[in-house]
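target.txt follows (compact mmCIF, C-alpha atoms):
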```
# COMPACT_ATOMS: atom_id res chain seq x y z
CA MET A 30 30.01 31.08 17.38
CA ALA A 31 29.94 31.17 13.60
CA TYR A 32 29.68 27.77 11.91
CA ASP A 33 30.42 26.75 8.35
CA PHE A 34 26.98 25.12 8.16
CA ASP A 35 23.74 25.18 10.10
CA LEU A 36 23.22 21.47 9.35
CA PHE A 37 25.71 18.85 8.23
CA VAL A 38 24.04 15.64 7.04
CA ILE A 39 26.02 12.41 6.89
CA GLY A 40 24.34 10.07 4.44
CA ALA A 41 22.49 10.85 1.21
CA GLY A 42 19.78 8.23 1.51
CA SER A 43 16.07 8.91 1.63
CA GLY A 44 15.98 10.54 5.06
CA GLY A 45 19.20 12.49 4.71
CA VAL A 46 18.34 13.93 1.31
CA ARG A 47 14.85 14.92 2.46
CA ALA A 48 16.18 16.67 5.56
CA ALA A 49 18.93 18.43 3.59
CA ARG A 50 16.74 19.63 0.74
CA PHE A 51 14.01 21.03 2.92
CA ALA A 52 16.38 22.57 5.44
CA ALA A 53 18.13 24.37 2.58
CA GLY A 54 14.76 25.40 1.21
CA PHE A 55 13.97 26.95 4.58
CA GLY A 56 17.12 29.06 4.32
CA ALA A 57 19.62 26.95 6.25
CA ARG A 58 23.22 26.45 5.15
CA VAL A 59 23.43 22.70 4.56
CA ALA A 60 26.08 20.18 3.58
CA VAL A 61 25.65 16.51 2.76
CA ALA A 62 28.44 13.94 2.72
CA GLU A 63 27.98 10.57 0.99
CA SER A 64 30.77 8.10 0.30
CA ARG A 65 28.84 5.30 -1.37
CA TYR A 66 25.89 6.15 -3.60
CA LEU A 67 23.28 8.88 -3.78
CA GLY A 68 19.80 7.71 -2.84
CA GLY A 69 20.95 5.23 -0.21
CA THR A 70 19.90 1.61 0.14
CA CYS A 71 16.40 2.10 -1.27
CA VAL A 72 17.49 3.50 -4.62
CA ASN A 73 20.61 1.42 -5.13
CA VAL A 74 20.33 -1.97 -3.42
CA GLY A 75 16.85 -1.94 -1.93
CA CYS A 76 13.26 -1.20 -2.77
CA VAL A 77 13.72 0.32 -6.24
CA PRO A 78 15.90 -2.34 -7.95
CA LYS A 79 14.10 -5.04 -5.99
CA LYS A 80 10.74 -3.93 -7.36
CA LEU A 81 12.18 -3.93 -10.89
CA LEU A 82 13.34 -7.51 -10.39
CA VAL A 83 9.93 -8.45 -8.98
CA TYR A 84 8.31 -7.09 -12.14
CA GLY A 85 10.74 -9.16 -14.17
CA ALA A 86 10.01 -12.31 -12.17
CA HIS A 87 6.26 -11.92 -12.66
CA PHE A 88 6.43 -12.28 -16.44
CA SER A 89 6.93 -16.04 -16.24
CA GLU A 90 3.37 -16.49 -15.00
CA ASP A 91 2.03 -13.68 -17.18
CA PHE A 92 3.16 -15.66 -20.23
CA GLU A 93 1.33 -18.72 -18.93
CA HIS A 94 -1.83 -16.71 -18.26
CA ALA A 95 -1.78 -15.27 -21.78
CA LYS A 96 -2.51 -18.68 -23.30
CA GLY A 97 -5.92 -18.76 -21.66
CA PHE A 98 -6.80 -15.49 -23.34
CA GLY A 99 -5.98 -16.71 -26.83
CA TRP A 100 -2.38 -15.63 -27.13
CA SER A 101 0.01 -18.08 -28.76
CA LEU A 102 3.53 -17.40 -27.61
CA GLY A 103 6.82 -18.89 -28.62
CA GLU A 104 9.10 -20.36 -26.03
CA ALA A 105 9.99 -17.65 -23.54
CA ASP A 106 13.69 -16.97 -22.99
CA PHE A 107 14.99 -14.93 -20.08
CA ASP A 108 18.30 -13.06 -20.14
CA TRP A 109 19.57 -11.98 -16.72
CA SER A 110 22.24 -9.64 -18.10
CA THR A 111 19.62 -7.62 -19.99
CA LEU A 112 17.55 -7.15 -16.85
CA ILE A 113 20.59 -6.13 -14.77
CA THR A 114 21.93 -3.78 -17.46
CA ASN A 115 18.58 -2.02 -17.78
CA LYS A 116 18.23 -1.90 -13.99
CA ASP A 117 21.67 -0.31 -13.70
CA ARG A 118 20.77 2.33 -16.27
CA GLU A 119 17.66 3.28 -14.31
CA ILE A 120 19.56 3.43 -11.00
CA ASN A 121 22.22 5.65 -12.58
CA ARG A 122 19.45 7.95 -13.81
CA LEU A 123 18.02 8.16 -10.28
CA ASN A 124 21.48 8.85 -8.83
CA GLY A 125 21.70 11.82 -11.18
CA ILE A 126 18.28 13.06 -10.12
CA TYR A 127 19.28 12.95 -6.45
CA ARG A 128 22.49 14.84 -7.20
CA LYS A 129 20.57 17.52 -9.12
CA LEU A 130 17.93 17.81 -6.38
CA LEU A 131 20.57 18.47 -3.76
CA ILE A 132 22.64 20.91 -5.79
CA ASP A 133 19.60 22.79 -7.10
CA SER A 134 18.40 23.15 -3.49
CA GLY A 135 21.62 24.96 -2.61
CA VAL A 136 23.10 22.07 -0.64
CA THR A 137 26.88 21.63 -0.58
CA LEU A 138 27.42 18.03 -1.74
CA LEU A 139 30.59 16.25 -0.64
CA GLU A 140 30.89 12.83 -2.26
CA ALA A 141 33.34 11.36 0.22
CA HIS A 142 33.44 9.70 3.63
CA ALA A 143 32.62 11.92 6.61
CA ARG A 144 33.86 11.34 10.13
CA ILE A 145 32.68 13.15 13.24
CA VAL A 146 35.62 14.65 15.15
CA GLY A 147 33.71 16.68 17.72
CA PRO A 148 30.19 17.70 18.77
CA ASN A 149 30.16 20.35 16.05
CA LYS A 150 32.90 19.17 13.69
CA VAL A 151 33.03 16.79 10.73
CA GLU A 152 36.13 15.79 8.78
CA VAL A 153 35.90 15.02 5.07
CA GLN A 154 39.05 14.13 3.13
CA GLY A 155 41.28 15.91 5.62
CA GLN A 156 39.21 19.08 5.79
CA VAL A 157 37.29 19.88 8.96
CA TYR A 158 33.91 21.60 8.70
CA SER A 159 32.00 23.10 11.62
CA ALA A 160 28.25 22.75 11.94
CA GLU A 161 25.71 23.87 14.51
CA ARG A 162 24.01 20.50 14.14
CA ILE A 163 25.06 17.18 12.65
CA LEU A 164 22.47 14.72 11.35
CA ILE A 165 23.41 11.06 11.04
CA ALA A 166 21.38 9.28 8.34
CA THR A 167 23.75 6.52 7.25
CA GLY A 168 21.21 3.71 7.08
CA GLY A 169 21.73 -0.01 7.63
CA TRP A 170 23.88 -2.85 6.34
CA PRO A 171 23.11 -6.56 5.86
CA GLN A 172 24.29 -8.95 8.55
CA VAL A 173 25.52 -12.50 7.90
CA PRO A 174 25.85 -14.84 10.89
CA ASP A 175 29.29 -16.09 11.85
CA VAL A 176 28.95 -19.35 9.93
CA PRO A 177 32.11 -21.13 8.71
CA GLY A 178 32.31 -20.41 4.98
CA ARG A 179 30.27 -17.21 5.21
CA GLU A 180 32.65 -15.60 2.69
CA HIS A 181 30.93 -17.71 0.01
CA ALA A 182 27.50 -16.21 0.77
CA ILE A 183 25.93 -13.08 -0.70
CA THR A 184 23.45 -10.53 0.63
CA SER A 185 21.08 -8.05 -1.00
CA ASN A 186 24.11 -5.80 -1.63
CA GLU A 187 25.61 -8.31 -4.05
CA ALA A 188 22.45 -9.91 -5.47
CA PHE A 189 21.74 -6.98 -7.77
CA TYR A 190 25.14 -7.33 -9.42
CA LEU A 191 25.40 -11.08 -10.00
CA LYS A 192 26.95 -11.81 -13.39
CA ALA A 193 24.47 -14.60 -14.06
CA LEU A 194 21.28 -16.01 -12.58
CA PRO A 195 22.27 -19.03 -10.45
CA LYS A 196 20.61 -22.30 -11.40
CA ARG A 197 20.11 -23.17 -7.72
CA VAL A 198 19.67 -20.67 -4.89
CA VAL A 199 19.25 -21.13 -1.15
CA VAL A 200 17.76 -18.07 0.56
CA VAL A 201 18.32 -17.95 4.32
CA GLY A 202 15.98 -15.91 6.50
CA GLY A 203 12.37 -15.41 7.46
CA GLY A 204 11.80 -11.69 7.01
CA TYR A 205 10.33 -9.76 4.11
CA ILE A 206 13.67 -9.48 2.27
CA ALA A 207 14.03 -13.26 2.33
CA VAL A 208 10.58 -14.02 0.93
CA GLU A 209 10.90 -11.26 -1.68
CA PHE A 210 14.20 -12.52 -3.04
CA ALA A 211 13.07 -16.13 -2.88
CA SER A 212 10.12 -15.08 -5.05
CA ILE A 213 12.41 -13.21 -7.44
CA PHE A 214 14.83 -16.10 -7.95
CA ASN A 215 12.00 -18.60 -8.20
CA GLY A 216 10.04 -16.51 -10.69
CA LEU A 217 13.09 -16.02 -12.90
CA GLY A 218 13.62 -19.76 -13.14
CA ALA A 219 16.14 -20.67 -10.44
CA ASP A 220 15.61 -23.79 -8.34
CA THR A 221 14.89 -21.97 -5.08
CA THR A 222 14.95 -23.16 -1.47
CA LEU A 223 14.00 -20.94 1.44
CA VAL A 224 15.59 -21.90 4.76
CA TYR A 225 14.36 -20.40 8.03
CA ARG A 226 15.22 -21.40 11.56
CA GLY A 227 11.75 -20.58 12.93
CA GLU A 228 8.37 -22.26 12.74
CA LEU A 229 6.93 -19.89 10.11
CA PHE A 230 8.30 -16.86 8.29
CA LEU A 231 7.25 -13.18 8.53
CA ARG A 232 7.09 -12.98 12.31
CA GLY A 233 4.99 -9.98 13.34
CA PHE A 234 2.68 -10.17 10.32
CA ASP A 235 -0.89 -11.38 10.65
CA GLY A 236 -1.12 -15.15 11.14
CA SER A 237 -3.56 -15.61 8.27
CA VAL A 238 -1.20 -13.72 5.95
CA ARG A 239 1.77 -15.86 6.96
CA THR A 240 0.05 -19.19 6.43
CA HIS A 241 -1.61 -18.07 3.20
CA LEU A 242 1.65 -16.92 1.65
CA HIS A 243 3.30 -20.19 2.67
CA GLU A 244 0.60 -22.12 0.83
CA GLU A 245 0.93 -19.96 -2.28
CA LEU A 246 4.72 -20.22 -2.44
CA LEU A 247 4.49 -24.00 -2.27
CA LYS A 248 2.17 -23.90 -5.29
CA ARG A 249 5.01 -22.23 -7.19
CA ASP A 250 7.29 -25.22 -6.60
CA MET A 251 9.46 -23.38 -4.11
CA THR A 252 11.11 -25.59 -1.50
CA ILE A 253 10.60 -24.21 2.01
CA ARG A 254 12.42 -25.60 5.04
CA PHE A 255 11.32 -24.25 8.42
CA ASN A 256 13.07 -25.15 11.70
CA SER A 257 16.24 -25.41 9.64
CA ASP A 258 19.57 -23.59 9.57
CA ILE A 259 23.01 -23.79 8.00
CA GLU A 260 25.96 -24.96 10.07
CA ARG A 261 28.74 -24.71 7.46
CA ILE A 262 29.27 -23.60 3.84
CA GLU A 263 31.94 -25.34 1.77
CA LYS A 264 32.95 -24.50 -1.77
CA GLN A 265 33.47 -27.58 -3.93
CA ALA A 266 35.87 -28.16 -6.81
CA ASP A 267 33.20 -27.48 -9.44
CA GLY A 268 32.32 -24.13 -7.85
CA SER A 269 29.08 -25.30 -6.27
CA LEU A 270 28.42 -24.90 -2.55
CA LEU A 271 27.79 -27.71 -0.09
CA LEU A 272 25.69 -26.67 2.89
CA SER A 273 25.90 -28.73 6.07
CA MET A 274 22.65 -28.31 7.96
CA LYS A 275 22.22 -28.17 11.71
CA GLY A 276 20.80 -31.45 12.93
CA GLY A 277 22.24 -33.33 9.98
CA GLY A 278 21.89 -33.51 6.23
CA THR A 279 23.32 -31.40 3.40
CA LEU A 280 22.13 -29.18 0.58
CA GLU A 281 23.98 -28.51 -2.64
CA THR A 282 23.49 -25.18 -4.37
CA ASP A 283 25.14 -22.58 -6.59
CA CYS A 284 24.34 -19.55 -4.45
CA VAL A 285 23.59 -18.85 -0.78
CA PHE A 286 21.74 -15.59 -0.15
CA TYR A 287 21.49 -14.38 3.47
CA ALA A 288 18.64 -12.13 4.53
CA THR A 289 19.03 -12.49 8.27
CA GLY A 290 18.76 -8.91 9.44
CA ARG A 291 20.50 -5.57 9.13
CA ARG A 292 22.67 -3.52 11.48
CA PRO A 293 23.10 0.26 11.74
CA MET A 294 25.88 1.48 9.44
CA LEU A 295 28.07 3.41 11.88
CA ASP A 296 31.48 2.12 10.74
CA ASN A 297 34.35 4.61 11.01
CA LEU A 298 31.90 7.40 11.81
CA GLY A 299 33.91 8.71 14.79
CA LEU A 300 31.20 8.26 17.41
CA GLU A 301 33.88 7.41 19.96
CA SER A 302 34.90 11.09 19.89
CA VAL A 303 31.50 12.33 21.05
CA ASN A 304 28.90 11.50 23.68
CA VAL A 305 26.48 9.56 21.45
CA GLU A 306 24.92 6.63 23.30
CA LEU A 307 23.92 3.41 21.57
CA ASP A 308 21.30 0.91 22.69
CA ASP A 309 21.95 -2.79 23.30
CA GLU A 310 21.56 -3.58 19.60
CA GLY A 311 23.95 -0.85 18.47
CA TYR A 312 21.38 1.71 17.31
CA ILE A 313 21.70 5.40 18.16
CA GLU A 314 19.43 6.34 21.05
CA VAL A 315 17.39 9.47 20.33
CA ASN A 316 14.57 11.41 21.97
CA GLU A 317 11.29 12.47 20.37
CA ASN A 318 13.16 15.22 18.48
CA TYR A 319 15.72 12.72 17.08
CA GLU A 320 18.41 14.23 19.27
CA SER A 321 21.11 11.92 20.59
CA SER A 322 22.71 12.20 24.01
CA GLU A 323 25.05 14.72 22.34
CA PRO A 324 22.57 17.62 21.87
CA SER A 325 24.14 18.88 18.62
CA ILE A 326 24.02 15.44 16.96
CA LEU A 327 20.75 14.03 15.62
CA ALA A 328 19.90 10.76 13.88
CA ILE A 329 17.04 9.45 11.76
CA GLY A 330 16.14 6.41 9.70
CA ASP A 331 17.54 2.93 10.04
CA VAL A 332 20.34 3.98 12.41
CA ILE A 333 17.86 4.60 15.24
CA GLY A 334 16.26 1.16 15.05
CA GLY A 335 12.66 2.26 14.62
CA VAL A 336 10.38 1.42 11.70
CA GLN A 337 12.87 0.72 8.92
CA LEU A 338 10.93 1.86 5.88
CA THR A 339 11.84 4.49 3.29
CA PRO A 340 8.67 6.60 3.76
CA VAL A 341 9.31 6.66 7.52
CA ALA A 342 12.85 7.97 7.00
CA LEU A 343 11.43 10.60 4.65
CA ALA A 344 8.90 11.69 7.28
CA GLU A 345 11.60 11.85 9.94
CA GLY A 346 13.85 13.93 7.69
CA MET A 347 11.01 16.33 7.02
CA ALA A 348 10.21 16.58 10.72
CA VAL A 349 13.82 17.45 11.59
CA ALA A 350 14.04 20.13 8.89
CA ARG A 351 10.77 21.72 9.91
CA ARG A 352 11.42 21.69 13.66
CA LEU A 353 14.86 23.25 13.27
CA PHE A 354 14.30 25.75 10.49
CA LYS A 355 10.54 26.22 9.98
CA PRO A 356 8.92 25.45 13.36
CA GLU A 357 5.54 26.88 12.38
CA LEU A 358 5.19 23.95 9.93
CA TYR A 359 6.43 21.29 12.34
CA ARG A 360 4.36 18.31 13.33
CA PRO A 361 5.72 15.09 14.83
CA VAL A 362 5.80 11.87 12.84
CA ASP A 363 2.76 9.68 13.51
CA TYR A 364 3.95 6.09 13.73
CA ASP A 365 0.45 4.61 14.05
CA HIS A 366 -1.12 2.79 11.12
CA ILE A 367 1.94 2.73 8.86
CA PRO A 368 1.04 0.76 5.72
CA THR A 369 3.59 -1.58 4.22
CA ALA A 370 3.94 -4.06 1.40
CA VAL A 371 5.99 -7.19 0.87
CA PHE A 372 6.74 -7.71 -2.81
CA SER A 373 6.74 -11.47 -2.68
CA LEU A 374 4.86 -13.29 -5.43
CA PRO A 375 2.00 -12.95 -4.59
CA ASN A 376 2.31 -9.56 -2.89
CA ILE A 377 1.35 -8.70 0.68
CA GLY A 378 -0.23 -5.42 1.70
CA THR A 379 -1.01 -4.57 5.31
CA VAL A 380 -1.97 -1.66 7.55
CA GLY A 381 -3.01 -1.45 11.17
CA LEU A 382 -3.21 -4.15 13.80
CA THR A 383 -2.90 -7.86 13.13
CA GLU A 384 -5.51 -10.15 14.66
CA GLU A 385 -2.95 -11.35 17.20
CA ALA A 386 -1.82 -7.83 18.16
CA ALA A 387 -5.41 -6.62 18.53
CA ILE A 388 -6.26 -9.46 20.89
CA GLU A 389 -3.07 -8.91 22.87
CA ALA A 390 -3.97 -5.21 23.17
CA GLY A 391 -7.26 -6.20 24.82
CA TYR A 392 -9.67 -5.66 21.95
CA GLU A 393 -12.68 -7.87 21.47
CA VAL A 394 -12.38 -8.49 17.75
CA GLN A 395 -14.48 -9.53 14.82
CA ILE A 396 -12.61 -11.03 11.91
CA PHE A 397 -13.75 -10.81 8.30
CA GLU A 398 -11.90 -12.94 5.78
CA SER A 399 -12.30 -13.75 2.12
CA ARG A 400 -10.26 -16.18 0.05
CA PHE A 401 -10.98 -16.38 -3.65
CA ARG A 402 -9.51 -17.04 -7.07
CA ALA A 403 -9.11 -13.73 -8.87
CA MET A 404 -11.19 -13.16 -12.01
CA LYS A 405 -8.08 -12.82 -14.15
CA LEU A 406 -7.14 -16.41 -13.37
CA THR A 407 -10.48 -18.01 -14.27
CA LEU A 408 -9.39 -18.56 -17.89
CA THR A 409 -6.08 -20.09 -16.80
CA ASP A 410 -4.85 -23.12 -14.90
CA ASP A 411 -3.40 -20.95 -12.15
CA GLN A 412 -4.86 -21.91 -8.78
CA GLU A 413 -3.53 -18.91 -6.83
CA ARG A 414 -5.97 -17.64 -4.24
CA THR A 415 -6.21 -14.11 -2.88
CA LEU A 416 -6.65 -13.43 0.83
CA MET A 417 -8.35 -10.32 2.18
CA LYS A 418 -8.89 -9.73 5.88
CA LEU A 419 -10.32 -7.07 8.16
CA VAL A 420 -9.74 -6.89 11.92
CA VAL A 421 -12.60 -4.99 13.56
CA ASP A 422 -13.20 -3.77 17.12
CA ALA A 423 -16.43 -5.54 18.06
CA LYS A 424 -17.40 -2.81 20.52
CA THR A 425 -16.84 0.32 18.43
CA ASP A 426 -17.02 -1.19 14.92
CA GLN A 427 -13.72 0.56 14.07
CA VAL A 428 -11.53 -1.19 11.51
CA LEU A 429 -8.26 -1.88 13.31
CA GLY A 430 -6.39 -3.59 10.49
CA CYS A 431 -6.52 -4.51 6.80
CA HIS A 432 -4.44 -7.33 5.35
CA MET A 433 -4.13 -8.77 1.86
CA VAL A 434 -2.16 -11.40 -0.02
CA GLY A 435 -2.63 -11.21 -3.76
CA SER A 436 -2.01 -9.28 -6.94
CA ASP A 437 -1.39 -5.53 -6.42
CA ALA A 438 -1.87 -5.85 -2.65
CA GLY A 439 0.40 -2.88 -1.97
CA GLU A 440 -1.49 -0.66 -4.38
CA ILE A 441 -4.83 -1.58 -2.82
CA VAL A 442 -3.78 -1.28 0.81
CA GLN A 443 -2.28 2.19 0.26
CA SER A 444 -5.79 3.57 -0.26
CA LEU A 445 -7.22 1.56 2.62
CA ALA A 446 -4.57 3.04 4.91
CA ILE A 447 -6.30 6.42 4.59
CA ALA A 448 -9.55 4.92 5.85
CA VAL A 449 -7.87 3.09 8.73
CA LYS A 450 -5.93 6.20 9.77
CA ALA A 451 -9.14 8.22 9.63
CA GLY A 452 -10.80 5.75 12.02
CA ALA A 453 -13.33 4.34 9.57
CA THR A 454 -15.81 1.80 10.89
CA LYS A 455 -16.82 -1.47 9.32
CA GLN A 456 -20.19 0.15 8.61
CA ILE A 457 -18.44 2.79 6.49
CA PHE A 458 -16.67 0.03 4.58
CA ASP A 459 -20.03 -1.72 4.09
CA ASP A 460 -21.70 1.48 2.92
CA THR A 461 -19.00 2.15 0.34
CA ILE A 462 -19.99 1.00 -3.13
CA GLY A 463 -17.40 -1.23 -4.71
CA VAL A 464 -15.73 -0.94 -8.11
CA HIS A 465 -16.89 -3.96 -10.10
CA PRO A 466 -15.39 -6.23 -11.22
CA THR A 467 -12.22 -5.84 -9.18
CA SER A 468 -10.50 -7.74 -6.42
CA ALA A 469 -10.41 -4.59 -4.31
CA GLU A 470 -14.20 -4.47 -4.01
CA GLU A 471 -14.02 -7.52 -1.74
CA PHE A 472 -12.89 -5.22 1.07
CA VAL A 473 -16.31 -3.51 1.04
CA THR A 474 -18.45 -6.62 0.47
CA MET A 475 -17.41 -8.87 3.38
CA ARG A 476 -20.53 -9.11 5.51
CA SER A 477 -20.22 -12.13 7.79
CA PRO A 478 -17.49 -12.45 10.43
CA VAL A 479 -15.62 -15.71 10.54
CA THR A 480 -15.76 -17.87 13.65
CA ARG A 481 -12.60 -18.97 15.39
```
Rendering of file as structure tokens:
Amino acid sequence: MAYDFDLFVIGAGSGGVRAARFAAGFGARVAVAESRYLGGTCVNVGCVPKKLLVYGAHFSEDFEHAKGFGWSLGEADFDWSTLITNKDREINRLNGIYRKLLIDSGVTLLEAHARIVGPNKVEVQGQVYSAERILIATGGWPQVPDVPGREHAITSNEAFYLKALPKRVVVVGGGYIAVEFASIFNGLGADTTLVYRGELFLRGFDGSVRTHLHEELLKRDMTIRFNSDIERIEKQADGSLLLSMKGGGTLETDCVFYATGRRPMLDNLGLESVNVELDDEGYIEVNENYESSEPSILAIGDVIGGVQLTPVALAEGMAVARRLFKPELYRPVDYDHIPTAVFSLPNIGTVGLTEEAAIEAGYEVQIFESRFRAMKLTLTDDQERTLMKLVVDAKTDQVLGCHMVGSDAGEIVQSLAIAVKAGATKQIFDDTIGVHPTSAEEFVTMRSPVTR
């Protein structure tokens, strides 16, 4: 049977664009449909604008640090609208780059909603296209619990477009998005409270990292309420919000930001017309080749509920394109030792096993930790402390995990991820000469394991 396209991609986010571009480069006839924005969550309401806001939030302490180095500054004044306007200009530029990348690759770009109407058919604005394979890469969407008054809350989708910086913000959640946005609002001058229903945020991260970040955020005058949750949100006559808390008590604020998880974005996609099975959490079930239970329909990225990171979606998109259209270049995605960063203030960088996960996996571990005040801060009043940690297999000397809380943690851990993935031992770390004076050299100068 002759098809209009060899591959029809629904969603022009990181994974979808990567799969489309490379498939077209391998000679396939490819179409991409996107109804919202080119570049997906990461470019528009995720990692890119978030990192720009993190940079902006960091200047408040940079100005304070400058005094210790002899700089006399006038009173700093922050303008939210300038930051958002400049952010929007950069995002629009990136949207244009994604559009050009697709078109220049020979991809047919359809900027409209696509709906699957059969195993090999997609409808876009009333026109039906046939495709040998359909790839779903529609990403995720923020979830807000069914709390009375939830219509008064915002999520990461809306935070980037606020008309003004709220004077008071309550951030609800305990994941990386929650701590990042709490850091952003706090750094930009908002009175910030982080509310989380659990004992300690960042579940799944190394225990030392979690407690260290908690201590550092408290130093920044952030209010943190664990074992706490919102029961009701009420808008008051003056526009402020009154939060009734579970167990009693209230909080008054100007903005409630929910970062309580994301769901797969499968709305109005037409999955009911095909045999695509979902798991208990609503994600598309796929095999090792990203094929759904409908053989002609594949899925990658956040819709399959795996590791929800942009570089992972990119790797999955590349793997699909290669396997289908350039099999001699195909290699499966390696999900071991994926490095990641949390752009809280201070940053977190991590790769490999946490201490807790290593012990649970049966390793006999040695732990190396260092906590210190960075050299840059010695001429200031800032008491922030950096944490660096190595988790080592006591039997083989292999470094199982590297973890850091401190300035530029993501930049530093990216390089360490190569060593961890290559199976480097602690002896190799020890034999590596450090770059002095840097914070990063601490990873190759920790000699004595800590006792537990």
I'd like the neighbourhood of Pro78 in chain A as a compact mmCIF listing (two decimals) with C-alpha atoms, in the coordinates of the input, where a residue qualifies if any of its atoms comes within 7 Å (using only C-alpha atoms), though same-chain residues fewer than 5 positions away should be ignored.
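The file below, part.txt, is the result:
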```txt
# COMPACT_ATOMS: atom_id res chain seq x y z
CA VAL A 72 17.49 3.50 -4.62
CA ASN A 73 20.61 1.42 -5.13
CA LYS A 116 18.23 -1.90 -13.99
```
To one decimal in Å, tell me the separation between CA of Phe372 in chain A and CA of Asn215 in chain A.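 For CA of Phe372 in chain A relative to CA of Asn215 in chain A, the distance reads 13.2 Å.
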List every protein, DNA or RNA residue that has at least one atom no more than 10 Å from (22.4, 14.1, 21.0) in the file's coordinates, counting only C-alpha atoms, and write the result as a PyMOL selection string. chain A and resi 148+162-164+303-306+313-316+318-328
Quick one: residues within 9 Å of Leu112 in chain A, only C-alpha atoms counted, chain neighbours fewer than 4 positions away excluded, as an mmCIF file with C-alpha atoms, keeping the file's coordinate frame?
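Below is the file that was written, part.cif:
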```
data_model
loop_
_atom_site.group_PDB
_atom_site.id
_atom_site.type_symbol
_atom_site.label_atom_id
_atom_site.label_comp_id
_atom_site.auth_asym_id
_atom_site.auth_seq_id
_atom_site.Cartn_x
_atom_site.Cartn_y
_atom_site.Cartn_z
ATOM 1 C CA LEU A 81 12.180 -3.930 -10.890
ATOM 2 C CA LEU A 82 13.340 -7.510 -10.390
ATOM 3 C CA GLY A 85 10.740 -9.160 -14.170
ATOM 4 C CA PHE A 107 14.990 -14.930 -20.080
ATOM 5 C CA ASP A 108 18.300 -13.060 -20.140
ATOM 6 C CA LYS A 116 18.230 -1.900 -13.990
ATOM 7 C CA ASP A 117 21.670 -0.310 -13.700
#
```
Leu358 in chain A environment, 9 Å, all atoms listed in the file, sequence neighbours closer than 4 positions dropped, as a PyMOL selection string: chain A and resi 348+351-352
Rounded to one decimal, what separation in Å do you get between CA of Gly125 in chain A and CA of Asp331 in chain A? 23.4 Å
Protein, DNA and RNA residues within 9 Å of (25.3, -23.4, -0.9), all atoms listed in the file, as JSON, numbers by chain: {"A": [181, 182, 197, 198, 199, 262, 263, 264, 269, 270, 271, 272, 273, 280, 281, 282, 283, 284, 285, 286]}
Counting only C-alpha atoms, the option among A:Glu152, A:Gly227, A:Ala160, A:Leu307 closest to Leu295 in chain A: A:Leu307
Write out as a ChimeraX atom specification the residues lying within 12 Å of Pro466 in chain A, counting all atoms listed in the file and excluding same-chain residues fewer than 5 positions away. /A:403-405,471
With C-alpha atoms retained, export the selected residues as a PDB file, keeping the file's coordinate frame.
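Saved the output as part.pdb:
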```pdb
ATOM      1  CA  ALA A 403      -9.110 -13.730  -8.870  1.00  0.00           C
ATOM      2  CA  MET A 404     -11.190 -13.160 -12.010  1.00  0.00           C
ATOM      3  CA  LYS A 405      -8.080 -12.820 -14.150  1.00  0.00           C
ATOM      4  CA  GLU A 471     -14.020  -7.520  -1.740  1.00  0.00           C
TER       5      GLU A 471
END
```
Please provide as a VMD selection string all residues within 7 Å of Arg58 in chain A, with the sequence filter that same-chain residues fewer than 3 positions apart are discarded (counting all atoms listed in the file). chain A and resid 34 to 36 53
Report the distance between CA of Ile333 in chain A and CA of Thr70 in chain A in Å, rounded to one decimal place.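 It comes out at 15.5 Å.
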Pick from A:Thr240, A:Ser185, A:Thr167, A:Gln456: nearest to Ile213 in chain A, with all atoms listed in the file counted?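 Nearest to Ile213 in chain A: A:Ser185.
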Could you rebuild range 259-265 of chain A with N, CA, C and O atoms and give me the result as a PDB file, in the coordinates of the input?
```pdb
ATOM      1  N   ILE A 259      21.735 -23.335   8.563  1.00  0.00           N
ATOM      2  CA  ILE A 259      23.010 -23.790   8.000  1.00  0.00           C
ATOM      3  C   ILE A 259      24.097 -23.779   9.070  1.00  0.00           C
ATOM      4  O   ILE A 259      24.229 -22.818   9.832  1.00  0.00           O
ATOM      5  N   GLU A 260      24.856 -24.850   9.118  1.00  0.00           N
ATOM      6  CA  GLU A 260      25.960 -24.960  10.070  1.00  0.00           C
ATOM      7  C   GLU A 260      27.301 -24.605   9.427  1.00  0.00           C
ATOM      8  O   GLU A 260      28.180 -24.030  10.055  1.00  0.00           O
ATOM      9  N   ARG A 261      27.464 -24.932   8.129  1.00  0.00           N
ATOM     10  CA  ARG A 261      28.740 -24.710   7.460  1.00  0.00           C
ATOM     11  C   ARG A 261      28.509 -24.600   5.950  1.00  0.00           C
ATOM     12  O   ARG A 261      27.619 -25.258   5.396  1.00  0.00           O
ATOM     13  N   ILE A 262      29.311 -23.740   5.302  1.00  0.00           N
ATOM     14  CA  ILE A 262      29.270 -23.600   3.840  1.00  0.00           C
ATOM     15  C   ILE A 262      30.651 -23.979   3.299  1.00  0.00           C
ATOM     16  O   ILE A 262      31.663 -23.411   3.722  1.00  0.00           O
ATOM     17  N   GLU A 263      30.669 -24.905   2.357  1.00  0.00           N
ATOM     18  CA  GLU A 263      31.940 -25.340   1.770  1.00  0.00           C
ATOM     19  C   GLU A 263      31.862 -25.224   0.253  1.00  0.00           C
ATOM     20  O   GLU A 263      30.893 -25.683  -0.361  1.00  0.00           O
ATOM     21  N   LYS A 264      32.895 -24.612  -0.319  1.00  0.00           N
ATOM     22  CA  LYS A 264      32.950 -24.500  -1.770  1.00  0.00           C
ATOM     23  C   LYS A 264      33.608 -25.748  -2.338  1.00  0.00           C
ATOM     24  O   LYS A 264      34.684 -26.175  -1.895  1.00  0.00           O
ATOM     25  N   GLN A 265      32.964 -26.346  -3.353  1.00  0.00           N
ATOM     26  CA  GLN A 265      33.470 -27.580  -3.930  1.00  0.00           C
ATOM     27  C   GLN A 265      34.292 -27.293  -5.194  1.00  0.00           C
ATOM     28  O   GLN A 265      34.308 -26.173  -5.714  1.00  0.00           O
TER      29      GLN A 265
END
```
